[in-house]
file target.cif (mmCIF, C-alpha atoms)
data_work
loop_
_atom_site.group_PDB
_atom_site.id
_atom_site.type_symbol
_atom_site.label_atom_id
_atom_site.label_comp_id
_atom_site.auth_asym_id
_atom_site.auth_seq_id
_atom_site.Cartn_x
_atom_site.Cartn_y
_atom_site.Cartn_z
ATOM 1 C CA MET A 1 32.273 -95.153 -10.518
ATOM 2 C CA ALA A 2 30.599 -92.490 -8.462
ATOM 3 C CA THR A 3 31.660 -89.149 -7.132
ATOM 4 C CA THR A 4 31.292 -87.701 -3.714
ATOM 5 C CA VAL A 5 31.811 -84.178 -2.436
ATOM 6 C CA ILE A 6 34.199 -83.585 0.444
ATOM 7 C CA ASN A 7 35.363 -80.146 1.512
ATOM 8 C CA GLY A 8 33.657 -78.736 -1.546
ATOM 9 C CA LYS A 9 35.778 -80.914 -3.866
ATOM 10 C CA GLU A 10 34.147 -83.457 -6.123
ATOM 11 C CA LEU A 11 36.054 -86.735 -5.752
ATOM 12 C CA VAL A 12 35.908 -89.959 -7.734
ATOM 13 C CA VAL A 13 35.234 -92.961 -5.510
ATOM 14 C CA ASP A 14 34.450 -96.640 -6.026
ATOM 15 C CA ASP A 15 31.170 -98.289 -5.037
ATOM 16 C CA GLU A 16 32.253 -98.600 -1.418
ATOM 17 C CA GLY A 17 33.485 -95.021 -1.150
ATOM 18 C CA PHE A 18 37.253 -95.603 -1.528
ATOM 19 C CA MET A 19 38.908 -92.803 -3.507
ATOM 20 C CA THR A 20 40.314 -93.911 -6.842
ATOM 21 C CA GLU A 21 42.304 -90.855 -7.980
ATOM 22 C CA TYR A 22 45.616 -90.559 -6.138
ATOM 23 C CA ASP A 23 46.045 -86.881 -6.904
ATOM 24 C CA GLN A 24 42.639 -85.822 -5.645
ATOM 25 C CA TRP A 25 43.664 -86.534 -2.054
ATOM 26 C CA ASP A 26 45.139 -84.099 0.423
ATOM 27 C CA GLU A 27 45.471 -84.240 4.194
ATOM 28 C CA ASN A 28 42.306 -82.204 4.762
ATOM 29 C CA ILE A 29 40.378 -84.804 2.822
ATOM 30 C CA GLY A 30 42.141 -87.560 4.782
ATOM 31 C CA GLN A 31 40.953 -85.869 7.953
ATOM 32 C CA GLU A 32 37.357 -85.841 6.661
ATOM 33 C CA LEU A 33 37.554 -89.505 5.634
ATOM 34 C CA ALA A 34 38.883 -90.431 9.085
ATOM 35 C CA THR A 35 36.074 -88.540 10.793
ATOM 36 C CA ALA A 36 33.533 -90.302 8.586
ATOM 37 C CA ILE A 37 34.651 -93.716 9.880
ATOM 38 C CA GLY A 38 35.139 -92.621 13.469
ATOM 39 C CA VAL A 39 38.943 -92.511 13.571
ATOM 40 C CA ASP A 40 40.410 -89.714 15.674
ATOM 41 C CA MET A 41 43.593 -88.688 13.891
ATOM 42 C CA THR A 42 46.790 -88.249 15.946
ATOM 43 C CA ASP A 43 50.434 -87.827 14.904
ATOM 44 C CA ASP A 44 50.796 -91.624 15.033
ATOM 45 C CA HIS A 45 47.893 -92.014 12.623
ATOM 46 C CA TRP A 46 49.379 -89.444 10.244
ATOM 47 C CA LYS A 47 52.732 -91.205 10.284
ATOM 48 C CA VAL A 48 51.011 -94.335 8.958
ATOM 49 C CA ILE A 49 48.908 -92.490 6.405
ATOM 50 C CA ARG A 50 51.934 -90.586 5.048
ATOM 51 C CA PHE A 51 53.872 -93.832 4.738
ATOM 52 C CA LEU A 52 50.974 -95.393 2.832
ATOM 53 C CA ARG A 53 50.878 -92.459 0.420
ATOM 54 C CA GLU A 54 54.636 -92.520 -0.186
ATOM 55 C CA ASP A 55 54.839 -96.268 -0.528
ATOM 56 C CA PHE A 56 51.920 -96.364 -2.948
ATOM 57 C CA GLN A 57 53.618 -93.774 -5.079
ATOM 58 C CA ALA A 58 56.891 -95.701 -5.037
ATOM 59 C CA LYS A 59 55.516 -99.211 -5.473
ATOM 60 C CA GLY A 60 52.238 -98.685 -7.279
ATOM 61 C CA GLU A 61 50.253 -100.642 -4.708
ATOM 62 C CA THR A 62 48.864 -100.119 -1.244
ATOM 63 C CA PRO A 63 51.189 -101.598 1.391
ATOM 64 C CA THR A 64 49.854 -104.432 3.551
ATOM 65 C CA ILE A 65 49.900 -104.392 7.358
ATOM 66 C CA ARG A 66 53.115 -106.369 7.300
ATOM 67 C CA ARG A 67 54.771 -103.938 4.951
ATOM 68 C CA VAL A 68 53.722 -100.980 7.079
ATOM 69 C CA SER A 69 55.395 -102.665 10.043
ATOM 70 C CA THR A 70 58.570 -103.839 8.277
ATOM 71 C CA ALA A 71 59.155 -100.916 5.899
ATOM 72 C CA GLY A 72 57.109 -98.196 7.591
ATOM 73 C CA GLY A 73 58.284 -98.840 11.128
ATOM 74 C CA VAL A 74 54.874 -98.992 12.826
ATOM 75 C CA ASP A 75 54.340 -102.396 14.414
ATOM 76 C CA THR A 76 51.275 -104.554 13.919
ATOM 77 C CA LYS A 77 49.957 -104.161 17.455
ATOM 78 C CA THR A 78 50.021 -100.394 17.095
ATOM 79 C CA LEU A 79 48.201 -100.569 13.759
ATOM 80 C CA PHE A 80 45.393 -102.584 15.336
ATOM 81 C CA ARG A 81 45.203 -99.994 18.117
ATOM 82 C CA LEU A 82 45.180 -96.996 15.756
ATOM 83 C CA PHE A 83 42.748 -98.477 13.244
ATOM 84 C CA PRO A 84 40.719 -100.997 15.249
ATOM 85 C CA LYS A 85 39.387 -104.263 13.823
ATOM 86 C CA LYS A 86 40.168 -103.751 10.147
ATOM 87 C CA PRO A 87 43.431 -101.783 10.036
ATOM 88 C CA ALA A 88 44.387 -102.514 6.420
ATOM 89 C CA LYS A 89 41.076 -101.321 5.028
ATOM 90 C CA LYS A 90 40.678 -98.362 7.352
ATOM 91 C CA MET A 91 44.136 -96.938 6.766
ATOM 92 C CA SER A 92 43.882 -97.291 3.000
ATOM 93 C CA TYR A 93 40.474 -95.612 3.055
ATOM 94 C CA ILE A 94 41.821 -92.628 4.986
ATOM 95 C CA ALA A 95 44.882 -92.443 2.731
ATOM 96 C CA GLY A 96 42.654 -92.305 -0.336
ATOM 97 C CA LEU A 97 44.121 -95.528 -1.718
ATOM 98 C CA PRO A 98 42.626 -98.834 -2.880
ATOM 99 C CA LYS A 99 42.496 -101.724 -0.408
ATOM 100 C CA PRO A 100 45.741 -103.736 -0.378
ATOM 101 C CA HIS A 101 45.839 -106.783 -2.688
ATOM 102 C CA GLY A 102 48.462 -108.735 -0.784
ATOM 103 C CA CYS A 103 47.412 -111.539 1.580
ATOM 104 C CA VAL A 104 50.042 -110.903 4.226
ATOM 105 C CA MET B 1 29.097 -91.240 -13.422
ATOM 106 C CA THR B 2 26.606 -90.393 -10.794
ATOM 107 C CA ALA B 3 27.208 -87.441 -8.561
ATOM 108 C CA THR B 4 26.001 -87.737 -5.020
ATOM 109 C CA ALA B 5 25.780 -84.979 -2.499
ATOM 110 C CA GLU B 6 25.821 -87.622 0.229
ATOM 111 C CA MET B 7 29.274 -88.859 1.131
ATOM 112 C CA ILE B 8 29.668 -92.564 0.402
ATOM 113 C CA VAL B 9 31.258 -94.166 3.447
ATOM 114 C CA PRO B 10 32.272 -97.836 3.438
ATOM 115 C CA SER B 11 30.886 -100.000 6.197
ATOM 116 C CA PHE B 12 33.643 -101.366 8.390
ATOM 117 C CA ASP B 13 31.058 -103.168 10.533
ATOM 118 C CA ASP B 14 32.231 -101.324 13.620
ATOM 119 C CA ASP B 15 28.714 -101.172 14.990
ATOM 120 C CA VAL B 16 28.019 -104.831 14.262
ATOM 121 C CA GLU B 17 28.821 -107.225 17.070
ATOM 122 C CA THR B 18 29.286 -110.297 14.916
ATOM 123 C CA ASP B 19 31.201 -112.338 17.474
ATOM 124 C CA ARG B 20 32.648 -114.177 14.521
ATOM 125 C CA THR B 21 35.344 -116.602 15.584
ATOM 126 C CA LEU B 22 37.529 -118.781 13.401
ATOM 127 C CA ALA B 23 39.177 -121.880 14.853
ATOM 128 C CA ILE B 24 42.017 -123.345 12.836
ATOM 129 C CA ILE B 25 43.452 -126.750 13.651
ATOM 130 C CA CYS B 26 46.979 -127.063 12.267
ATOM 131 C CA SER B 27 47.808 -130.772 12.106
ATOM 132 C CA LYS B 28 50.519 -130.862 9.430
ATOM 133 C CA GLY B 29 54.221 -130.188 9.838
ATOM 134 C CA SER B 30 55.325 -129.740 6.250
ATOM 135 C CA LEU B 31 56.211 -126.291 4.989
ATOM 136 C CA ASP B 32 53.504 -126.241 2.336
ATOM 137 C CA MET B 33 50.788 -127.250 4.801
ATOM 138 C CA ALA B 34 51.904 -124.852 7.529
ATOM 139 C CA TYR B 35 51.179 -121.723 5.532
ATOM 140 C CA PRO B 36 47.481 -122.080 4.643
ATOM 141 C CA GLY B 37 46.457 -121.895 8.318
ATOM 142 C CA LEU B 38 48.792 -119.000 9.041
ATOM 143 C CA ILE B 39 47.676 -116.992 6.024
ATOM 144 C CA LEU B 40 43.958 -117.582 6.534
ATOM 145 C CA GLY B 41 44.272 -116.813 10.234
ATOM 146 C CA ASN B 42 46.067 -113.588 9.456
ATOM 147 C CA ALA B 43 43.440 -112.598 6.884
ATOM 148 C CA ALA B 44 40.648 -113.260 9.377
ATOM 149 C CA LEU B 45 42.355 -111.133 12.049
ATOM 150 C CA GLY B 46 42.619 -108.292 9.553
ATOM 151 C CA GLU B 47 38.848 -108.510 9.096
ATOM 152 C CA GLY B 48 38.181 -108.158 12.789
ATOM 153 C CA VAL B 49 37.483 -111.884 13.331
ATOM 154 C CA ASP B 50 38.662 -113.602 16.534
ATOM 155 C CA VAL B 51 41.118 -116.365 15.666
ATOM 156 C CA HIS B 52 42.245 -119.420 17.620
ATOM 157 C CA LEU B 53 44.929 -121.744 16.264
ATOM 158 C CA PHE B 54 45.417 -125.212 17.728
ATOM 159 C CA PHE B 55 48.680 -126.975 16.906
ATOM 160 C CA THR B 56 48.428 -130.727 17.073
ATOM 161 C CA PHE B 57 50.171 -133.860 15.770
ATOM 162 C CA TRP B 58 52.609 -132.930 12.992
ATOM 163 C CA GLY B 59 51.414 -129.330 13.213
ATOM 164 C CA PHE B 60 53.206 -129.268 16.560
ATOM 165 C CA ASP B 61 56.449 -128.760 14.628
ATOM 166 C CA MET B 62 55.188 -125.298 13.665
ATOM 167 C CA ILE B 63 55.506 -124.162 17.287
ATOM 168 C CA THR B 64 58.450 -126.316 18.401
ATOM 169 C CA LYS B 65 61.524 -124.097 18.734
ATOM 170 C CA GLY B 66 63.961 -126.657 17.369
ATOM 171 C CA ARG B 67 61.822 -127.396 14.326
ATOM 172 C CA MET B 68 59.748 -124.364 13.415
ATOM 173 C CA GLU B 69 62.513 -122.798 11.344
ATOM 174 C CA HIS B 70 63.281 -125.983 9.453
ATOM 175 C CA LEU B 71 59.956 -127.170 8.062
ATOM 176 C CA LYS B 72 60.366 -129.035 4.785
ATOM 177 C CA PHE B 73 58.449 -129.251 1.560
ATOM 178 C CA SER B 74 58.708 -132.690 0.006
ATOM 179 C CA PRO B 75 57.781 -133.409 -3.597
ATOM 180 C CA VAL B 76 57.453 -137.146 -2.752
ATOM 181 C CA GLY B 77 53.934 -138.401 -3.311
ATOM 182 C CA ASN B 78 52.806 -134.892 -4.151
ATOM 183 C CA PRO B 79 51.532 -134.591 -7.729
ATOM 184 C CA ALA B 80 51.140 -130.851 -7.209
ATOM 185 C CA ALA B 81 54.931 -130.561 -7.058
ATOM 186 C CA HIS B 82 54.819 -131.039 -10.854
ATOM 187 C CA MET B 83 57.847 -133.315 -10.888
ATOM 188 C CA PRO B 84 58.163 -136.774 -12.462
ATOM 189 C CA ALA B 85 57.270 -139.235 -9.667
ATOM 190 C CA ALA B 86 60.495 -141.206 -10.160
ATOM 191 C CA LEU B 87 62.664 -138.142 -9.576
ATOM 192 C CA ALA B 88 60.956 -136.910 -6.427
ATOM 193 C CA PRO B 89 62.575 -139.401 -3.999
ATOM 194 C CA LEU B 90 66.135 -138.730 -5.244
ATOM 195 C CA PRO B 91 68.597 -137.413 -2.639
ATOM 196 C CA GLY B 92 68.553 -133.626 -2.375
ATOM 197 C CA MET B 93 65.125 -133.177 -3.949
ATOM 198 C CA THR B 94 63.380 -132.290 -0.712
ATOM 199 C CA SER B 95 65.973 -129.725 0.283
ATOM 200 C CA MET B 96 65.897 -128.254 -3.214
ATOM 201 C CA ALA B 97 62.100 -128.046 -3.222
ATOM 202 C CA THR B 98 62.153 -126.537 0.290
ATOM 203 C CA HIS B 99 64.730 -123.987 -0.763
ATOM 204 C CA MET B 100 62.651 -122.998 -3.785
ATOM 205 C CA MET B 101 59.484 -122.663 -1.760
ATOM 206 C CA ASN B 102 61.187 -120.569 0.909
ATOM 207 C CA LYS B 103 62.562 -118.343 -1.813
ATOM 208 C CA SER B 104 59.138 -117.808 -3.381
ATOM 209 C CA LEU B 105 57.677 -116.973 0.026
ATOM 210 C CA GLU B 106 60.460 -114.541 0.735
ATOM 211 C CA GLU B 107 60.005 -112.818 -2.606
ATOM 212 C CA LEU B 108 56.365 -112.227 -1.712
ATOM 213 C CA ASP B 109 57.444 -110.878 1.685
ATOM 214 C CA ILE B 110 55.683 -113.718 3.501
ATOM 215 C CA PRO B 111 57.525 -114.183 6.796
ATOM 216 C CA PRO B 112 59.121 -117.416 8.012
ATOM 217 C CA VAL B 113 56.999 -119.467 10.453
ATOM 218 C CA PRO B 114 58.336 -118.033 13.764
ATOM 219 C CA GLU B 115 57.942 -114.460 12.550
ATOM 220 C CA PHE B 116 54.502 -115.281 11.167
ATOM 221 C CA LEU B 117 53.437 -116.543 14.603
ATOM 222 C CA GLU B 118 54.634 -113.262 16.115
ATOM 223 C CA LEU B 119 52.612 -111.373 13.526
ATOM 224 C CA LEU B 120 49.500 -113.399 14.390
ATOM 225 C CA LYS B 121 50.013 -112.759 18.108
ATOM 226 C CA ALA B 122 50.476 -109.038 17.539
ATOM 227 C CA SER B 123 47.227 -109.052 15.570
ATOM 228 C CA GLY B 124 45.389 -110.646 18.476
ATOM 229 C CA ALA B 125 45.371 -114.381 17.689
ATOM 230 C CA LYS B 126 45.267 -117.037 20.381
ATOM 231 C CA LEU B 127 47.799 -119.820 19.882
ATOM 232 C CA TRP B 128 47.245 -123.147 21.617
ATOM 233 C CA ALA B 129 49.483 -126.185 21.834
ATOM 234 C CA CYS B 130 47.969 -129.660 22.061
ATOM 235 C CA ARG B 131 48.532 -131.420 25.393
ATOM 236 C CA LEU B 132 48.731 -134.913 23.880
ATOM 237 C CA SER B 133 51.264 -133.796 21.252
ATOM 238 C CA ALA B 134 53.388 -132.185 23.968
ATOM 239 C CA ASP B 135 53.315 -135.432 25.970
ATOM 240 C CA MET B 136 54.105 -137.567 22.919
ATOM 241 C CA ASN B 137 57.067 -135.366 22.039
ATOM 242 C CA HIS B 138 58.182 -135.076 25.692
ATOM 243 C CA VAL B 139 58.291 -131.284 25.568
ATOM 244 C CA ASP B 140 57.014 -128.492 27.786
ATOM 245 C CA GLU B 141 56.494 -124.720 27.428
ATOM 246 C CA SER B 142 60.220 -124.050 27.379
ATOM 247 C CA ASP B 143 60.603 -126.015 24.124
ATOM 248 C CA LEU B 144 57.767 -124.167 22.429
ATOM 249 C CA PHE B 145 57.219 -120.770 20.814
ATOM 250 C CA ASP B 146 57.489 -118.218 23.624
ATOM 251 C CA ASP B 147 54.255 -116.369 23.061
ATOM 252 C CA LEU B 148 51.871 -119.353 23.190
ATOM 253 C CA ASP B 149 48.644 -118.913 25.100
ATOM 254 C CA GLY B 150 48.970 -122.333 26.650
ATOM 255 C CA ILE B 151 49.015 -126.090 26.335
ATOM 256 C CA ILE B 152 45.474 -127.396 26.387
ATOM 257 C CA ASN B 153 43.688 -130.621 25.597
ATOM 258 C CA ALA B 154 41.232 -131.272 22.793
ATOM 259 C CA SER B 155 38.173 -130.801 25.005
ATOM 260 C CA ASP B 156 39.454 -127.437 26.203
ATOM 261 C CA PHE B 157 39.868 -126.346 22.608
ATOM 262 C CA ILE B 158 36.377 -127.494 21.655
ATOM 263 C CA GLU B 159 34.979 -125.637 24.645
ATOM 264 C CA LEU B 160 36.958 -122.457 23.855
ATOM 265 C CA THR B 161 35.763 -122.360 20.287
ATOM 266 C CA GLU B 162 32.073 -122.897 20.874
ATOM 267 C CA GLY B 163 30.115 -121.499 17.963
ATOM 268 C CA ALA B 164 33.283 -120.840 15.933
ATOM 269 C CA GLN B 165 33.784 -121.608 12.284
ATOM 270 C CA LEU B 166 36.345 -124.374 12.041
ATOM 271 C CA LEU B 167 39.125 -125.218 9.638
ATOM 272 C CA PHE B 168 41.065 -128.471 9.864
ATOM 273 C CA ILE B 169 44.338 -128.321 7.999
#

call {"tool": "encode", "arguments": {"input": "target.cif", "output": "structure tokens"}}
result
Amino acid sequence: MATTVINGKELVVDDEGFMTEYDQWDENIGQELATAIGVDMTDDHWKVIRFLREDFQAKGETPTIRRVSTAGGVDTKTLFRLFPKKPAKKMSYIAGLPKPHGCV
Amino acid sequence: MTATAEMIVPSFDDDVETDRTLAIICSKGSLDMAYPGLILGNAALGEGVDVHLFFTFWGFDMITKGRMEHLKFSPVGNPAAHMPAALAPLPGMTSMATHMMNKSLEELDIPPVPEFLELLKASGAKLWACRLSADMNHVDESDLFDDLDGIINASDFIELTEGAQLLFI
């Protein structure tokens, strides 16, 4: 485990830089994380990130792309547009959550 | 614990033009053999890899409208079904095994085949039907999954997937 400083807050992250402490995240940090990976946050992006946060809290795991589209109401095509190439990893990174475990 | 002033940012390979392409040939029409190609294809798309799926021979059932929702899992001749060999061919066993497999898939929120194909398309996959299989089954586009990219022959597929990594299932 390592720590990194964002917005003056010291945050615990894993070797790749994914945050590991749910409660250390806030939307300002999410904004910084998005900027760091070149994602320009819009309302559509925030809708996804907020769903990820809520669903993680409810289910104890990061939702997969399929779950974001079926339960979160943002379809797969849109997710690939909002978070190009690797949507599952990018959205979980911005949301301060671990990468999803599920295959589908 | 090591504290770093530098922000650790994961590499999402956005700046790398890998041109990685995965070609998956789906040649089986049983429920249990349909899913590996779909799941691996979906995983590859999620990693930013270009994916082409080619449906041929029995795999043609996966994209045939009248059959895609009714793929079966048979325990006959399949030691991995963990069932005494003498029981497997009994009437009702295949439908029971199919029912159980569909239930397990559903519990894991893995979509049925038609919905899975839609998911792959939405994620950017190319889906190709095999010309010879279409001719053998006497079907055309209207009998097949609506969002196919086309019916092509084996040479076309080989040409399209030049340099790709290939999976034959």

call {"tool": "residues_around", "arguments": {"input": "target.cif", "residues": "Ile65 in chain A", "least_positions_apart": "2", "cutoff": "7 Å", "atoms": "only C-alpha atoms", "output": "PyMOL selection string"}}
result
chain A and resi 63+67-69+76+88

call {"tool": "write_last_selection", "arguments": {"input": "target.cif", "atoms": "C-alpha atoms", "output": "PDB file, in the frame of the given file"}}
result
ATOM      1  CA  PRO A  63      51.189-101.598   1.391  1.00  0.00           C
ATOM      2  CA  ARG A  67      54.771-103.938   4.951  1.00  0.00           C
ATOM      3  CA  VAL A  68      53.722-100.980   7.079  1.00  0.00           C
ATOM      4  CA  SER A  69      55.395-102.665  10.043  1.00  0.00           C
ATOM      5  CA  THR A  76      51.275-104.554  13.919  1.00  0.00           C
ATOM      6  CA  ALA A  88      44.387-102.514   6.420  1.00  0.00           C
TER       7      ALA A  88
END

call {"tool": "atom_distance", "arguments": {"input": "target.cif", "atom1": "CA of Ser30 in chain B", "atom2": "CA of Leu144 in chain B"}}
result
17.3 Å

call {"tool": "interface_residues", "arguments": {"input": "target.cif", "of": "chain B", "to": "chain A", "cutoff": "9 Å", "atoms": "all atoms listed in the file", "output": "CSV table (one decimal) with C-alpha atoms, in the frame of the given file"}}
result
chain,number,residue,atom,x,y,z
B,1,MET,CA,29.1,-91.2,-13.4
B,2,THR,CA,26.6,-90.4,-10.8
B,3,ALA,CA,27.2,-87.4,-8.6
B,4,THR,CA,26.0,-87.7,-5.0
B,5,ALA,CA,25.8,-85.0,-2.5
B,6,GLU,CA,25.8,-87.6,0.2
B,7,MET,CA,29.3,-88.9,1.1
B,8,ILE,CA,29.7,-92.6,0.4
B,9,VAL,CA,31.3,-94.2,3.4
B,10,PRO,CA,32.3,-97.8,3.4
B,11,SER,CA,30.9,-100.0,6.2
B,12,PHE,CA,33.6,-101.4,8.4
B,14,ASP,CA,32.2,-101.3,13.6
B,39,ILE,CA,47.7,-117.0,6.0
B,40,LEU,CA,44.0,-117.6,6.5
B,42,ASN,CA,46.1,-113.6,9.5
B,43,ALA,CA,43.4,-112.6,6.9
B,45,LEU,CA,42.4,-111.1,12.0
B,46,GLY,CA,42.6,-108.3,9.6
B,47,GLU,CA,38.8,-108.5,9.1
B,48,GLY,CA,38.2,-108.2,12.8
B,49,VAL,CA,37.5,-111.9,13.3
B,108,LEU,CA,56.4,-112.2,-1.7
B,109,ASP,CA,57.4,-110.9,1.7
B,110,ILE,CA,55.7,-113.7,3.5
B,111,PRO,CA,57.5,-114.2,6.8
B,119,LEU,CA,52.6,-111.4,13.5
B,121,LYS,CA,50.0,-112.8,18.1
B,122,ALA,CA,50.5,-109.0,17.5
B,123,SER,CA,47.2,-109.1,15.6
B,124,GLY,CA,45.4,-110.6,18.5

call {"tool": "resolve_selection", "arguments": {"input": "target.cif", "expression": "the PyMOL selection byres ((chain B and resi 93-97) around 10)", "output": "PyMOL selection string"}}
result
chain B and resi 72-76+81+87-92+98-103

call {"tool": "write_last_selection", "arguments": {"input": "target.cif", "atoms": "C-alpha atoms", "output": "tab-separated table (two decimals), in the coordinates of the input"}}
result
chain	number	residue	atom	x	y	z
B	72	LYS	CA	60.37	-129.04	4.78
B	73	PHE	CA	58.45	-129.25	1.56
B	74	SER	CA	58.71	-132.69	0.01
B	75	PRO	CA	57.78	-133.41	-3.60
B	76	VAL	CA	57.45	-137.15	-2.75
B	81	ALA	CA	54.93	-130.56	-7.06
B	87	LEU	CA	62.66	-138.14	-9.58
B	88	ALA	CA	60.96	-136.91	-6.43
B	89	PRO	CA	62.58	-139.40	-4.00
B	90	LEU	CA	66.14	-138.73	-5.24
B	91	PRO	CA	68.60	-137.41	-2.64
B	92	GLY	CA	68.55	-133.63	-2.38
B	98	THR	CA	62.15	-126.54	0.29
B	99	HIS	CA	64.73	-123.99	-0.76
B	100	MET	CA	62.65	-123.00	-3.78
B	101	MET	CA	59.48	-122.66	-1.76
B	102	ASN	CA	61.19	-120.57	0.91
B	103	LYS	CA	62.56	-118.34	-1.81

call {"tool": "resolve_selection", "arguments": {"input": "target.cif", "expression": "the PyMOL selection byres ((chain A and resi 51-58) around 12)", "output": "PyMOL selection string"}}
result
chain A and resi 22-23+25-27+30+44-50+59-65+67-74+88-100

call {"tool": "write_last_selection", "arguments": {"input": "target.cif", "atoms": "C-alpha atoms", "output": "PDB file, in the frame of the given file"}}
result
ATOM      1  CA  TYR A  22      45.616 -90.559  -6.138  1.00  0.00           C
ATOM      2  CA  ASP A  23      46.045 -86.881  -6.904  1.00  0.00           C
ATOM      3  CA  TRP A  25      43.664 -86.534  -2.054  1.00  0.00           C
ATOM      4  CA  ASP A  26      45.139 -84.099   0.423  1.00  0.00           C
ATOM      5  CA  GLU A  27      45.471 -84.240   4.194  1.00  0.00           C
ATOM      6  CA  GLY A  30      42.141 -87.560   4.782  1.00  0.00           C
ATOM      7  CA  ASP A  44      50.796 -91.624  15.033  1.00  0.00           C
ATOM      8  CA  HIS A  45      47.893 -92.014  12.623  1.00  0.00           C
ATOM      9  CA  TRP A  46      49.379 -89.444  10.244  1.00  0.00           C
ATOM     10  CA  LYS A  47      52.732 -91.205  10.284  1.00  0.00           C
ATOM     11  CA  VAL A  48      51.011 -94.335   8.958  1.00  0.00           C
ATOM     12  CA  ILE A  49      48.908 -92.490   6.405  1.00  0.00           C
ATOM     13  CA  ARG A  50      51.934 -90.586   5.048  1.00  0.00           C
ATOM     14  CA  LYS A  59      55.516 -99.211  -5.473  1.00  0.00           C
ATOM     15  CA  GLY A  60      52.238 -98.685  -7.279  1.00  0.00           C
ATOM     16  CA  GLU A  61      50.253-100.642  -4.708  1.00  0.00           C
ATOM     17  CA  THR A  62      48.864-100.119  -1.244  1.00  0.00           C
ATOM     18  CA  PRO A  63      51.189-101.598   1.391  1.00  0.00           C
ATOM     19  CA  THR A  64      49.854-104.432   3.551  1.00  0.00           C
ATOM     20  CA  ILE A  65      49.900-104.392   7.358  1.00  0.00           C
ATOM     21  CA  ARG A  67      54.771-103.938   4.951  1.00  0.00           C
ATOM     22  CA  VAL A  68      53.722-100.980   7.079  1.00  0.00           C
ATOM     23  CA  SER A  69      55.395-102.665  10.043  1.00  0.00           C
ATOM     24  CA  THR A  70      58.570-103.839   8.277  1.00  0.00           C
ATOM     25  CA  ALA A  71      59.155-100.916   5.899  1.00  0.00           C
ATOM     26  CA  GLY A  72      57.109 -98.196   7.591  1.00  0.00           C
ATOM     27  CA  GLY A  73      58.284 -98.840  11.128  1.00  0.00           C
ATOM     28  CA  VAL A  74      54.874 -98.992  12.826  1.00  0.00           C
ATOM     29  CA  ALA A  88      44.387-102.514   6.420  1.00  0.00           C
ATOM     30  CA  LYS A  89      41.076-101.321   5.028  1.00  0.00           C
ATOM     31  CA  LYS A  90      40.678 -98.362   7.352  1.00  0.00           C
ATOM     32  CA  MET A  91      44.136 -96.938   6.766  1.00  0.00           C
ATOM     33  CA  SER A  92      43.882 -97.291   3.000  1.00  0.00           C
ATOM     34  CA  TYR A  93      40.474 -95.612   3.055  1.00  0.00           C
ATOM     35  CA  ILE A  94      41.821 -92.628   4.986  1.00  0.00           C
ATOM     36  CA  ALA A  95      44.882 -92.443   2.731  1.00  0.00           C
ATOM     37  CA  GLY A  96      42.654 -92.305  -0.336  1.00  0.00           C
ATOM     38  CA  LEU A  97      44.121 -95.528  -1.718  1.00  0.00           C
ATOM     39  CA  PRO A  98      42.626 -98.834  -2.880  1.00  0.00           C
ATOM     40  CA  LYS A  99      42.496-101.724  -0.408  1.00  0.00           C
ATOM     41  CA  PRO A 100      45.741-103.736  -0.378  1.00  0.00           C
TER      42      PRO A 100
END

call {"tool": "atom_distance", "arguments": {"input": "target.cif", "atom1": "CA of Lys28 in chain B", "atom2": "CA of Leu132 in chain B"}}
result
15.1 Å
